[in-house]
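data-v4.txt follows; it contains compact mmCIF, C-alpha atoms.
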```txt
# COMPACT_ATOMS: atom_id res chain seq x y z
CA MET A 445 -26.36 60.16 -37.95
CA LYS A 446 -27.84 60.96 -41.33
CA ASN A 447 -27.74 58.63 -44.34
CA THR A 448 -27.20 55.55 -42.24
CA ILE A 449 -26.79 52.28 -44.12
CA ILE A 450 -28.21 49.15 -42.50
CA THR A 451 -26.07 46.06 -43.10
CA ILE A 452 -27.63 42.69 -42.35
CA SER A 453 -25.34 39.73 -41.82
CA ARG A 454 -27.25 36.55 -41.30
CA GLU A 455 -26.99 32.84 -40.81
CA PHE A 456 -28.54 30.66 -43.48
CA GLY A 457 -32.19 29.98 -42.67
CA SER A 458 -32.42 32.65 -39.97
CA GLY A 459 -34.80 34.81 -42.01
CA GLY A 460 -32.25 37.62 -42.26
CA ARG A 461 -33.05 38.30 -45.89
CA THR A 462 -36.79 38.57 -45.18
CA ILE A 463 -36.03 40.82 -42.21
CA GLY A 464 -33.90 43.06 -44.45
CA LYS A 465 -36.65 43.37 -47.04
CA HIS A 466 -39.31 44.22 -44.47
CA ILE A 467 -37.08 46.81 -42.80
CA ALA A 468 -36.45 48.50 -46.15
CA ALA A 469 -40.17 48.45 -46.99
CA LYS A 470 -41.10 50.00 -43.65
CA LEU A 471 -38.43 52.69 -43.98
CA ASN A 472 -39.16 53.21 -47.66
CA ILE A 473 -35.51 52.78 -48.65
CA PRO A 474 -33.97 50.32 -51.15
CA CYS A 475 -32.93 46.82 -50.11
CA TYR A 476 -29.92 45.36 -51.89
CA ASP A 477 -29.79 41.61 -52.01
CA GLU A 478 -30.59 40.14 -55.45
CA GLU A 479 -30.22 43.69 -56.77
CA LEU A 480 -26.58 43.68 -55.68
CA ILE A 481 -25.95 40.38 -57.47
CA ASN A 482 -27.50 41.86 -60.63
CA LYS A 483 -25.30 44.93 -60.43
CA ILE A 484 -22.14 42.87 -59.89
CA ALA A 485 -23.12 40.57 -62.78
CA GLN A 486 -23.62 43.63 -64.97
CA GLU A 487 -20.24 45.12 -64.04
CA THR A 488 -18.29 41.89 -64.42
CA GLY A 489 -20.22 40.36 -67.30
CA LEU A 490 -20.36 37.13 -65.28
CA ASP A 491 -23.36 34.89 -64.68
CA LYS A 492 -25.64 35.80 -61.75
CA ASN A 493 -25.53 32.29 -60.33
CA TYR A 494 -21.76 32.31 -60.36
CA ILE A 495 -21.72 35.63 -58.45
CA LYS A 496 -24.27 34.27 -56.00
CA GLU A 497 -22.08 31.30 -55.24
CA THR A 498 -18.79 33.13 -54.83
CA ASN A 499 -19.57 33.71 -51.18
CA GLU A 500 -20.20 30.04 -50.66
CA GLN A 501 -17.05 28.44 -51.94
CA SER A 502 -15.70 25.58 -49.92
CA GLU A 503 -12.69 26.07 -47.67
CA GLN A 504 -10.74 23.78 -49.99
CA ASN A 505 -11.54 26.01 -52.96
CA TRP A 506 -10.25 29.04 -51.12
CA LEU A 507 -7.03 27.26 -50.42
CA LEU A 508 -6.70 26.28 -54.06
CA ASN A 509 -7.46 29.83 -55.12
CA ALA A 510 -4.97 31.23 -52.67
CA PHE A 511 -2.39 28.80 -54.01
CA ALA A 512 -3.20 29.74 -57.64
CA ASN A 513 -2.93 33.40 -56.68
CA HIS A 514 0.44 32.83 -55.19
CA LEU A 515 1.64 30.96 -58.29
CA TYR A 516 0.50 33.55 -60.78
CA HIS A 517 1.03 36.69 -58.71
CA GLY A 518 -2.33 37.89 -59.97
CA ASN A 519 -5.98 38.02 -59.01
CA ASN A 520 -8.21 35.05 -59.67
CA MET A 521 -11.84 35.32 -60.72
CA GLN A 522 -13.20 35.31 -57.18
CA ASP A 523 -10.86 38.10 -56.16
CA TYR A 524 -12.00 40.03 -59.24
CA VAL A 525 -15.65 39.56 -58.21
CA TRP A 526 -14.72 40.69 -54.69
CA LEU A 527 -13.18 43.92 -56.01
CA ILE A 528 -16.21 44.71 -58.16
CA GLN A 529 -18.47 43.79 -55.25
CA CYS A 530 -16.65 46.30 -53.00
CA ASP A 531 -17.06 48.92 -55.68
CA VAL A 532 -20.78 48.25 -56.21
CA ILE A 533 -21.49 48.22 -52.45
CA THR A 534 -19.65 51.53 -52.00
CA LYS A 535 -21.57 53.06 -54.92
CA VAL A 536 -25.03 52.07 -53.66
CA ALA A 537 -24.13 53.26 -50.17
CA ASN A 538 -23.14 56.64 -51.61
CA GLU A 539 -26.55 56.96 -53.25
CA GLY A 540 -28.26 57.23 -49.86
CA PRO A 541 -29.80 55.20 -47.02
CA CYS A 542 -30.47 51.55 -47.85
CA VAL A 543 -30.40 48.02 -46.46
CA ILE A 544 -27.65 45.72 -47.70
CA VAL A 545 -28.02 42.00 -47.02
CA GLY A 546 -24.86 39.90 -46.82
CA ARG A 547 -21.79 40.22 -49.09
CA CYS A 548 -19.61 41.44 -46.19
CA ALA A 549 -21.07 44.94 -46.59
CA ASP A 550 -20.35 45.71 -42.91
CA TYR A 551 -16.65 45.21 -43.61
CA VAL A 552 -16.61 46.86 -47.05
CA LEU A 553 -18.26 50.06 -45.76
CA LYS A 554 -16.29 50.36 -42.53
CA GLY A 555 -15.15 53.98 -42.24
CA LYS A 556 -16.91 54.92 -45.49
CA ALA A 557 -20.47 55.39 -44.26
CA ASN A 558 -22.59 55.64 -41.13
CA LEU A 559 -23.58 52.06 -40.41
CA LEU A 560 -26.13 50.21 -38.36
CA LYS A 561 -24.64 46.72 -38.34
CA VAL A 562 -27.11 43.95 -37.62
CA PHE A 563 -26.53 40.22 -37.22
CA ILE A 564 -29.42 37.74 -37.38
CA HIS A 565 -28.93 34.27 -35.99
CA ALA A 566 -31.09 31.40 -34.74
CA ASP A 567 -30.85 27.95 -33.27
CA ILE A 568 -29.85 25.47 -35.97
CA ASN A 569 -32.96 23.29 -35.48
CA LYS A 570 -35.25 26.28 -35.95
CA ARG A 571 -33.32 27.25 -39.06
CA ALA A 572 -33.68 23.72 -40.40
CA ARG A 573 -37.45 23.88 -39.88
CA ARG A 574 -37.55 27.26 -41.59
CA ILE A 575 -35.74 26.21 -44.74
CA VAL A 576 -38.11 23.25 -45.11
CA ASP A 577 -41.34 25.09 -44.16
CA VAL A 578 -40.79 28.53 -45.65
CA TYR A 579 -38.32 28.05 -48.47
CA GLY A 580 -39.79 24.69 -49.44
CA GLU A 581 -36.38 23.03 -49.33
CA THR A 582 -36.74 19.39 -50.24
CA ASP A 583 -33.36 18.39 -48.92
CA GLU A 584 -33.68 15.38 -46.70
CA LYS A 585 -30.86 16.53 -44.50
CA PRO A 586 -31.50 20.22 -43.77
CA LEU A 587 -29.17 20.22 -40.76
CA LYS A 588 -26.28 19.01 -42.89
CA ARG A 589 -27.10 21.61 -45.55
CA ILE A 590 -27.15 24.41 -42.96
CA LYS A 591 -23.85 23.32 -41.44
CA GLU A 592 -22.21 23.34 -44.87
CA LYS A 593 -23.62 26.77 -45.71
CA ASP A 594 -22.55 28.16 -42.33
CA LYS A 595 -19.05 26.83 -42.83
CA LYS A 596 -18.77 28.27 -46.33
CA ARG A 597 -20.08 31.71 -45.36
CA ALA A 598 -17.73 31.82 -42.39
CA SER A 599 -14.84 30.77 -44.58
CA TYR A 600 -15.61 33.43 -47.20
CA TYR A 601 -15.99 36.14 -44.56
CA ARG A 602 -12.75 35.11 -42.86
CA TYR A 603 -10.83 34.98 -46.13
CA TYR A 604 -11.75 38.48 -47.29
CA THR A 605 -12.19 40.38 -44.03
CA GLU A 606 -9.77 38.57 -41.72
CA ASN A 607 -12.54 38.76 -39.13
CA GLU A 608 -14.79 36.07 -37.73
CA PHE A 609 -18.37 35.83 -39.03
CA GLY A 610 -20.76 36.28 -36.11
CA GLU A 611 -18.13 37.80 -33.80
CA ILE A 612 -20.33 39.76 -31.40
CA HIS A 613 -18.20 42.93 -31.37
CA ASN A 614 -18.63 43.46 -35.11
CA TYR A 615 -22.32 44.29 -34.75
CA ASP A 616 -24.32 47.09 -33.14
CA LEU A 617 -27.24 44.76 -32.70
CA SER A 618 -27.52 40.96 -32.81
CA LEU A 619 -30.88 39.27 -32.72
CA ASP A 620 -32.02 35.68 -32.35
CA SER A 621 -34.87 35.55 -34.86
CA GLY A 622 -35.84 32.11 -33.55
CA THR A 623 -36.74 33.39 -30.08
CA ILE A 624 -37.67 37.00 -30.93
CA GLY A 625 -39.60 36.32 -34.14
CA ILE A 626 -39.12 37.79 -37.60
CA ASP A 627 -41.67 40.61 -37.22
CA LYS A 628 -40.30 41.82 -33.89
CA CYS A 629 -36.73 41.77 -35.27
CA VAL A 630 -37.95 44.05 -38.07
CA ASP A 631 -39.62 46.41 -35.59
CA ILE A 632 -36.53 46.60 -33.35
CA VAL A 633 -34.23 47.54 -36.23
CA VAL A 634 -36.71 50.02 -37.74
CA ASP A 635 -37.19 51.69 -34.37
CA LEU A 636 -33.44 51.88 -33.72
CA TYR A 637 -32.79 53.23 -37.21
CA LYS A 638 -35.34 56.01 -36.65
CA HIS A 639 -33.80 56.76 -33.27
CA ILE A 640 -30.24 57.17 -34.60
CA ASN A 641 -31.47 59.31 -37.49
CA GLU A 642 -33.49 61.64 -35.27
CA MET B 1006 -44.05 33.89 -22.02
CA LYS B 1007 -45.06 34.79 -18.51
CA ASN B 1008 -42.62 35.32 -15.64
CA THR B 1009 -39.67 35.95 -17.94
CA ILE B 1010 -36.33 36.58 -16.26
CA ILE B 1011 -33.97 39.05 -17.92
CA THR B 1012 -30.32 38.03 -17.65
CA ILE B 1013 -27.72 40.67 -18.46
CA SER B 1014 -24.21 39.53 -19.30
CA ARG B 1015 -21.89 42.43 -19.84
CA GLU B 1016 -18.35 43.46 -20.56
CA PHE B 1017 -16.63 45.50 -17.87
CA GLY B 1018 -17.25 49.21 -18.45
CA SER B 1019 -20.04 48.68 -20.99
CA GLY B 1020 -22.71 50.09 -18.68
CA GLY B 1021 -24.50 46.72 -18.46
CA ARG B 1022 -25.13 47.05 -14.75
CA THR B 1023 -26.66 50.52 -15.18
CA ILE B 1024 -28.76 49.21 -18.07
CA GLY B 1025 -30.00 46.34 -15.90
CA LYS B 1026 -30.99 48.68 -13.07
CA HIS B 1027 -32.87 51.03 -15.39
CA ILE B 1028 -34.69 48.15 -17.10
CA ALA B 1029 -35.82 46.81 -13.72
CA ALA B 1030 -36.94 50.28 -12.59
CA LYS B 1031 -38.96 50.82 -15.78
CA LEU B 1032 -40.59 47.39 -15.51
CA ASN B 1033 -41.03 47.71 -11.76
CA ILE B 1034 -39.36 44.36 -11.07
CA PRO B 1035 -36.35 43.60 -8.83
CA CYS B 1036 -32.79 43.87 -10.12
CA TYR B 1037 -30.29 41.42 -8.64
CA ASP B 1038 -26.70 42.56 -8.71
CA GLU B 1039 -25.33 43.59 -5.31
CA GLU B 1040 -28.45 41.99 -3.86
CA LEU B 1041 -27.32 38.64 -5.20
CA ILE B 1042 -23.90 39.05 -3.63
CA ASN B 1043 -25.56 39.85 -0.30
CA LYS B 1044 -27.74 36.75 -0.49
CA ILE B 1045 -24.79 34.51 -1.39
CA ALA B 1046 -22.75 36.03 1.45
CA GLN B 1047 -25.62 35.38 3.83
CA GLU B 1048 -26.00 31.74 2.73
CA THR B 1049 -22.27 30.97 2.80
CA GLY B 1050 -21.25 33.11 5.74
CA LEU B 1051 -18.43 34.44 3.59
CA ASP B 1052 -17.33 38.04 3.10
CA LYS B 1053 -19.17 40.05 0.39
CA ASN B 1054 -15.92 41.19 -1.21
CA TYR B 1055 -14.69 37.63 -1.46
CA ILE B 1056 -17.94 36.59 -3.19
CA LYS B 1057 -17.67 39.59 -5.50
CA GLU B 1058 -14.23 38.56 -6.57
CA THR B 1059 -14.90 34.87 -7.15
CA ASN B 1060 -15.97 35.60 -10.70
CA GLU B 1061 -12.78 37.47 -11.33
CA GLN B 1062 -10.15 34.97 -10.34
CA SER B 1063 -7.15 34.73 -12.57
CA GLU B 1064 -6.78 31.84 -14.97
CA GLN B 1065 -3.89 30.59 -12.89
CA ASN B 1066 -6.06 30.44 -9.78
CA TRP B 1067 -8.62 28.34 -11.59
CA LEU B 1068 -5.96 25.93 -12.63
CA LEU B 1069 -4.68 25.69 -9.05
CA ASN B 1070 -8.21 25.17 -7.80
CA ALA B 1071 -8.91 22.53 -10.39
CA PHE B 1072 -5.68 20.79 -9.36
CA ALA B 1073 -6.59 21.01 -5.67
CA ASN B 1074 -10.03 19.62 -6.48
CA HIS B 1075 -8.52 16.74 -8.27
CA LEU B 1076 -6.17 16.03 -5.39
CA TYR B 1077 -8.79 16.09 -2.68
CA HIS B 1078 -11.74 14.73 -4.64
CA GLY B 1079 -13.80 17.43 -3.06
CA ASN B 1080 -15.13 20.90 -3.69
CA ASN B 1081 -12.95 23.92 -3.03
CA MET B 1082 -14.26 27.23 -1.72
CA GLN B 1083 -14.97 28.71 -5.13
CA ASP B 1084 -16.91 25.65 -6.18
CA TYR B 1085 -18.84 25.92 -2.94
CA VAL B 1086 -19.66 29.58 -3.71
CA TRP B 1087 -20.69 28.53 -7.23
CA LEU B 1088 -23.13 25.92 -5.88
CA ILE B 1089 -24.71 28.39 -3.46
CA GLN B 1090 -24.80 30.99 -6.23
CA CYS B 1091 -26.72 28.57 -8.49
CA ASP B 1092 -29.13 27.92 -5.65
CA VAL B 1093 -29.68 31.62 -4.87
CA ILE B 1094 -30.16 32.50 -8.57
CA THR B 1095 -32.70 29.69 -8.98
CA LYS B 1096 -34.55 30.82 -5.86
CA VAL B 1097 -34.85 34.49 -6.90
CA ALA B 1098 -35.94 33.42 -10.40
CA ASN B 1099 -38.68 31.27 -8.86
CA GLU B 1100 -39.98 34.28 -6.95
CA GLY B 1101 -41.05 36.01 -10.19
CA PRO B 1102 -39.87 38.27 -13.00
CA CYS B 1103 -36.59 40.07 -12.31
CA VAL B 1104 -33.35 41.28 -13.87
CA ILE B 1105 -30.18 39.39 -12.96
CA VAL B 1106 -26.86 41.01 -13.81
CA GLY B 1107 -23.84 38.76 -14.35
CA ARG B 1108 -22.96 35.63 -12.31
CA CYS B 1109 -23.61 33.32 -15.31
CA ALA B 1110 -27.37 33.52 -14.61
CA ASP B 1111 -28.11 32.79 -18.29
CA TYR B 1112 -26.38 29.43 -17.90
CA VAL B 1113 -27.66 28.66 -14.40
CA LEU B 1114 -31.31 29.20 -15.37
CA LYS B 1115 -31.19 27.42 -18.73
CA GLY B 1116 -34.21 25.15 -18.92
CA LYS B 1117 -35.45 26.31 -15.50
CA ALA B 1118 -37.16 29.57 -16.43
CA ASN B 1119 -38.32 31.65 -19.39
CA LEU B 1120 -35.33 33.82 -20.20
CA LEU B 1121 -34.58 36.96 -22.15
CA LYS B 1122 -30.81 36.72 -22.46
CA VAL B 1123 -29.07 40.02 -23.14
CA PHE B 1124 -25.40 40.74 -23.78
CA ILE B 1125 -24.02 44.28 -23.53
CA HIS B 1126 -20.69 45.07 -25.13
CA ALA B 1127 -18.81 48.13 -26.36
CA ASP B 1128 -15.59 49.15 -28.01
CA ILE B 1129 -12.74 48.89 -25.53
CA ASN B 1130 -11.74 52.56 -25.88
CA LYS B 1131 -15.29 53.69 -25.11
CA ARG B 1132 -15.33 51.39 -22.09
CA ALA B 1133 -12.03 52.83 -20.91
CA ARG B 1134 -13.46 56.35 -21.12
CA ARG B 1135 -16.56 55.21 -19.27
CA ILE B 1136 -14.73 53.70 -16.30
CA VAL B 1137 -12.72 56.90 -15.92
CA ASP B 1138 -15.60 59.38 -16.54
CA VAL B 1139 -18.54 57.63 -14.93
CA TYR B 1140 -17.09 55.32 -12.31
CA GLY B 1141 -14.34 57.77 -11.42
CA GLU B 1142 -11.65 55.13 -11.86
CA THR B 1143 -8.28 56.64 -11.10
CA ASP B 1144 -6.28 53.85 -12.67
CA GLU B 1145 -3.73 55.31 -15.03
CA LYS B 1146 -4.05 52.39 -17.38
CA PRO B 1147 -7.78 51.79 -17.88
CA LEU B 1148 -7.22 49.75 -21.05
CA LYS B 1149 -4.96 47.34 -19.22
CA ARG B 1150 -7.49 47.08 -16.37
CA ILE B 1151 -10.34 46.32 -18.80
CA LYS B 1152 -8.33 43.67 -20.61
CA GLU B 1153 -7.55 41.93 -17.33
CA LYS B 1154 -11.19 42.07 -16.20
CA ASP B 1155 -12.38 40.76 -19.60
CA LYS B 1156 -9.95 37.90 -19.41
CA LYS B 1157 -10.94 36.94 -15.89
CA ARG B 1158 -14.68 37.08 -16.57
CA ALA B 1159 -14.24 34.99 -19.72
CA SER B 1160 -12.12 32.51 -17.80
CA TYR B 1161 -14.69 32.20 -15.00
CA TYR B 1162 -17.55 31.79 -17.46
CA ARG B 1163 -15.65 29.17 -19.46
CA TYR B 1164 -14.66 27.23 -16.34
CA TYR B 1165 -18.18 26.86 -14.96
CA THR B 1166 -20.34 26.83 -18.07
CA GLU B 1167 -18.00 25.28 -20.65
CA ASN B 1168 -19.28 27.97 -23.01
CA GLU B 1169 -17.57 31.05 -24.35
CA PHE B 1170 -18.44 34.43 -22.81
CA GLY B 1171 -19.86 36.69 -25.51
CA GLU B 1172 -20.60 33.85 -27.93
CA ILE B 1173 -23.36 35.38 -30.05
CA HIS B 1174 -25.64 32.31 -30.08
CA ASN B 1175 -25.99 32.32 -26.29
CA TYR B 1176 -28.03 35.54 -26.32
CA ASP B 1177 -31.44 36.57 -27.65
CA LEU B 1178 -30.24 40.12 -27.98
CA SER B 1179 -26.76 41.67 -28.06
CA LEU B 1180 -26.29 45.40 -27.97
CA ASP B 1181 -23.32 47.69 -28.46
CA SER B 1182 -23.95 50.27 -25.75
CA GLY B 1183 -21.15 52.43 -27.17
CA THR B 1184 -22.91 53.02 -30.48
CA ILE B 1185 -26.53 52.64 -29.38
CA GLY B 1186 -26.30 54.51 -26.08
CA ILE B 1187 -27.27 53.38 -22.59
CA ASP B 1188 -30.80 54.85 -22.64
CA LYS B 1189 -31.72 53.34 -25.99
CA CYS B 1190 -30.39 49.94 -24.88
CA VAL B 1191 -32.73 50.16 -21.88
CA ASP B 1192 -35.70 51.07 -24.10
CA ILE B 1193 -35.02 48.22 -26.56
CA VAL B 1194 -34.92 45.59 -23.81
CA VAL B 1195 -37.96 47.01 -21.98
CA ASP B 1196 -39.95 47.08 -25.23
CA LEU B 1197 -38.93 43.52 -26.15
CA TYR B 1198 -39.74 42.27 -22.65
CA LYS B 1199 -43.22 43.77 -22.86
CA HIS B 1200 -43.68 42.24 -26.30
CA ILE B 1201 -42.78 38.70 -25.24
CA ASN B 1202 -44.97 38.99 -22.15
CA GLU B 1203 -48.01 40.22 -24.06
```
Write out the structure in this file as structure tokens.
Amino acid sequence: MKNTIITISREFGSGGRTIGKHIAAKLNIPCYDEELINKIAQETGLDKNYIKETNEQSEQNWLLNAFANHLYHGNNMQDYVWLIQCDVITKVANEGPCVIVGRCADYVLKGKANLLKVFIHADINKRARRIVDVYGETDEKPLKRIKEKDKKRASYYRYYTENEFGEIHNYDLSLDSGTIGIDKCVDIVVDLYKHINE
Amino acid sequence: MKNTIITISREFGSGGRTIGKHIAAKLNIPCYDEELINKIAQETGLDKNYIKETNEQSEQNWLLNAFANHLYHGNNMQDYVWLIQCDVITKVANEGPCVIVGRCADYVLKGKANLLKVFIHADINKRARRIVDVYGETDEKPLKRIKEKDKKRASYYRYYTENEFGEIHNYDLSLDSGTIGIDKCVDIVVDLYKHINE
């Protein structure tokens, strides 16, 4: 399978973003994470932070948005960002092999590109330690923060894809970064990528 | 992590049993699948086929059993098999590194041994082809057969472990054998096993 795109879906604090970056570096291909946000901001003219947060809206917000949508028979701002996001993801995938972190890229590119779909998860206590130790989070309640983030990501994914976030069948490969370790997760994906592109 | 036990949970027709056997052969450690059934049969004095089928009882049967249990305040035959099964799994795990296929070994050994918990899944259509091509299944409706088997395994797992079969967080590593291929699945697990035992 030539020109395979690696999509990384990840739980907050699992190190999925770091894993994505390292994979891309080892394979010498681009990694789209912040880059994707920048491109979407450019296309929409909206603020980067706003784009960043659109995939972490609360369940209540989605309901309100859905309600507003229904009332006005039109797209709201988040739906507009979603459409541009789909467009940007499809464009970067068409440019050649790359790693795309988050943003439902696995769903967006389904049937449009050869994919290696990866999910990175970890025990919630390990993730809590990671966001304090590695990201320098000062939050006094990291577990609460993670639970909220998990809920919001799942809600966003469900809303736009009608699939469940972290549903095992959606991924070619799912790894527990807490038990396997970040570096070994990178090596496993790099090795598998090389294998399927042989 | 010395003396790690590899547990393989797998969907029917995904090739998980074959993968387990090949992993064990490459690592030169025992693989418990039929062997486990034989040991449980020996301990219980029950027929091998009966043991084999206890993890594929219909949902209705579990309900009847649960009801009978409640009525008699005692263990029924399947609960008895479960207890012996837990005992046999714990015993073989204590004997040293091995591969254990199915029988909820991931749950039974939790906290009792160092585990590498693997889940093997695949698209249902690929599994249907596999049970016809490889296992020589003559069933005219392989999809229906797979769905029934999936349901029964999930029901058994849920009944005894109170967890969901195929819930991504229960496994260190989940692989889609349909997209990755049987041989590569074997190599990934063997490589990871060697890594964590270094």
Pull out every residue of chain A sitting within 6 Å of chain B, counting only C-alpha atoms, and send them as a PDB file with C-alpha atoms, keeping the file's coordinate frame.
```
ATOM      1  CA  ILE A 612     -20.330  39.760 -31.400  1.00  0.00           C
ATOM      2  CA  ASP A 616     -24.320  47.090 -33.140  1.00  0.00           C
ATOM      3  CA  LEU A 617     -27.240  44.760 -32.700  1.00  0.00           C
ATOM      4  CA  SER A 618     -27.520  40.960 -32.810  1.00  0.00           C
ATOM      5  CA  LEU A 619     -30.880  39.270 -32.720  1.00  0.00           C
ATOM      6  CA  ASP A 620     -32.020  35.680 -32.350  1.00  0.00           C
TER       7      ASP A 620
END
```
Residues near Ile449 in chain A, anyone? I mean within 9 Å using all atoms listed in the file, not counting same-chain ones fewer than 5 positions away, as an mmCIF file with C-alpha atoms, in the frame of the given file.
```cif
data_model
loop_
_atom_site.group_PDB
_atom_site.id
_atom_site.type_symbol
_atom_site.label_atom_id
_atom_site.label_comp_id
_atom_site.auth_asym_id
_atom_site.auth_seq_id
_atom_site.Cartn_x
_atom_site.Cartn_y
_atom_site.Cartn_z
ATOM 1 C CA ALA A 537 -24.130 53.260 -50.170
ATOM 2 C CA GLY A 540 -28.260 57.230 -49.860
ATOM 3 C CA PRO A 541 -29.800 55.200 -47.020
ATOM 4 C CA CYS A 542 -30.470 51.550 -47.850
ATOM 5 C CA VAL A 543 -30.400 48.020 -46.460
ATOM 6 C CA ILE A 544 -27.650 45.720 -47.700
ATOM 7 C CA LEU A 553 -18.260 50.060 -45.760
ATOM 8 C CA ALA A 557 -20.470 55.390 -44.260
ATOM 9 C CA ASN A 558 -22.590 55.640 -41.130
ATOM 10 C CA LEU A 559 -23.580 52.060 -40.410
ATOM 11 C CA LEU A 560 -26.130 50.210 -38.360
ATOM 12 C CA LYS A 561 -24.640 46.720 -38.340
#
```
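Note that CA of Cys548 in chain A and CA of Ile452 in chain A are 9.0 Å apart.
Note that CA of Thr534 in chain A and CA of Lys483 in chain A are 12.1 Å apart.
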Using only C-alpha atoms, which residues sit within 9 Å of range 1047-1050 of chain B once same-chain residues fewer than 6 positions away are excluded, as a PyMOL selection string? chain B and resi 1085-1086+1089+1093
Excluding Glu1039 in chain B and its own-chain neighbours fewer than 5 positions away, which residues fall within 12 Å of it when counting only C-alpha atoms? Please give them as a PDB file with C-alpha atoms, keeping the file's coordinate frame.
```pdb
ATOM      1  CA  ARG B1022     -25.130  47.050 -14.750  1.00  0.00           C
ATOM      2  CA  GLY B1025     -30.000  46.340 -15.900  1.00  0.00           C
ATOM      3  CA  LYS B1026     -30.990  48.680 -13.070  1.00  0.00           C
ATOM      4  CA  LYS B1044     -27.740  36.750  -0.490  1.00  0.00           C
ATOM      5  CA  ILE B1045     -24.790  34.510  -1.390  1.00  0.00           C
ATOM      6  CA  ALA B1046     -22.750  36.030   1.450  1.00  0.00           C
ATOM      7  CA  LYS B1053     -19.170  40.050   0.390  1.00  0.00           C
ATOM      8  CA  ASN B1054     -15.920  41.190  -1.210  1.00  0.00           C
ATOM      9  CA  ILE B1056     -17.940  36.590  -3.190  1.00  0.00           C
ATOM     10  CA  LYS B1057     -17.670  39.590  -5.500  1.00  0.00           C
ATOM     11  CA  VAL B1104     -33.350  41.280 -13.870  1.00  0.00           C
ATOM     12  CA  ILE B1105     -30.180  39.390 -12.960  1.00  0.00           C
ATOM     13  CA  VAL B1106     -26.860  41.010 -13.810  1.00  0.00           C
ATOM     14  CA  GLY B1107     -23.840  38.760 -14.350  1.00  0.00           C
ATOM     15  CA  ARG B1108     -22.960  35.630 -12.310  1.00  0.00           C
TER      16      ARG B1108
END
```
Contact residues around Lys588 in chain A with all atoms listed in the file at 12 Å, ignoring same-chain residues under 3 positions, as a ChimeraX atom specification: /A:456,568-569,571-572,583-585,591-595
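The gap separating CA of Tyr600 in chain A from CA of Asp523 in chain A is 11.2 Å, in Å to one decimal.
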Using the file's own x, y and z axes, what box holds all listed atoms of range 564-578 of chain A with 5 Å on each side, keeping edges along x, y and z, and what are its centre and edge lengths in Å to one decimal, as JSON?
```
{"center_x": -35.1, "center_y": 30.5, "center_z": -39.5, "size_x": 22.4, "size_y": 24.5, "size_z": 22.4}
```
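Minimum atom-to-atom distances from A:Arg602, A:Arg597, A:Lys638, A:His466 to Ile626 in chain A were compared using only C-alpha atoms, and the lowest value belongs to A:His466.
Shortest atom-to-atom contact with Lys535 in chain A among A:Gly555, A:Cys475, A:Leu480, A:Lys570: A:Leu480, counting all atoms listed in the file.
Here the question is which of B:Glu1058, B:Asp1188, B:Asp1038, B:Glu1203 gets nearest to Val1097 in chain B using all atoms listed in the file, and that residue is B:Asp1038.
Distances from A:Arg589, A:Val552, A:Phe609, A:Glu539 to Pro474 in chain A were compared using only C-alpha atoms, and the smallest one belongs to A:Glu539.
Minimum atom-to-atom distances from A:Thr448, A:Ser453, A:Asn538, A:Tyr604 to Gln522 in chain A were compared using all atoms listed in the file, and the lowest value belongs to A:Tyr604.
Nearest-residue note for Lys1117 in chain B: choosing from B:Val1191, B:Val1137, B:Leu1088, B:Ile1094, the minimum distance belongs to B:Ile1094, counting only C-alpha atoms.
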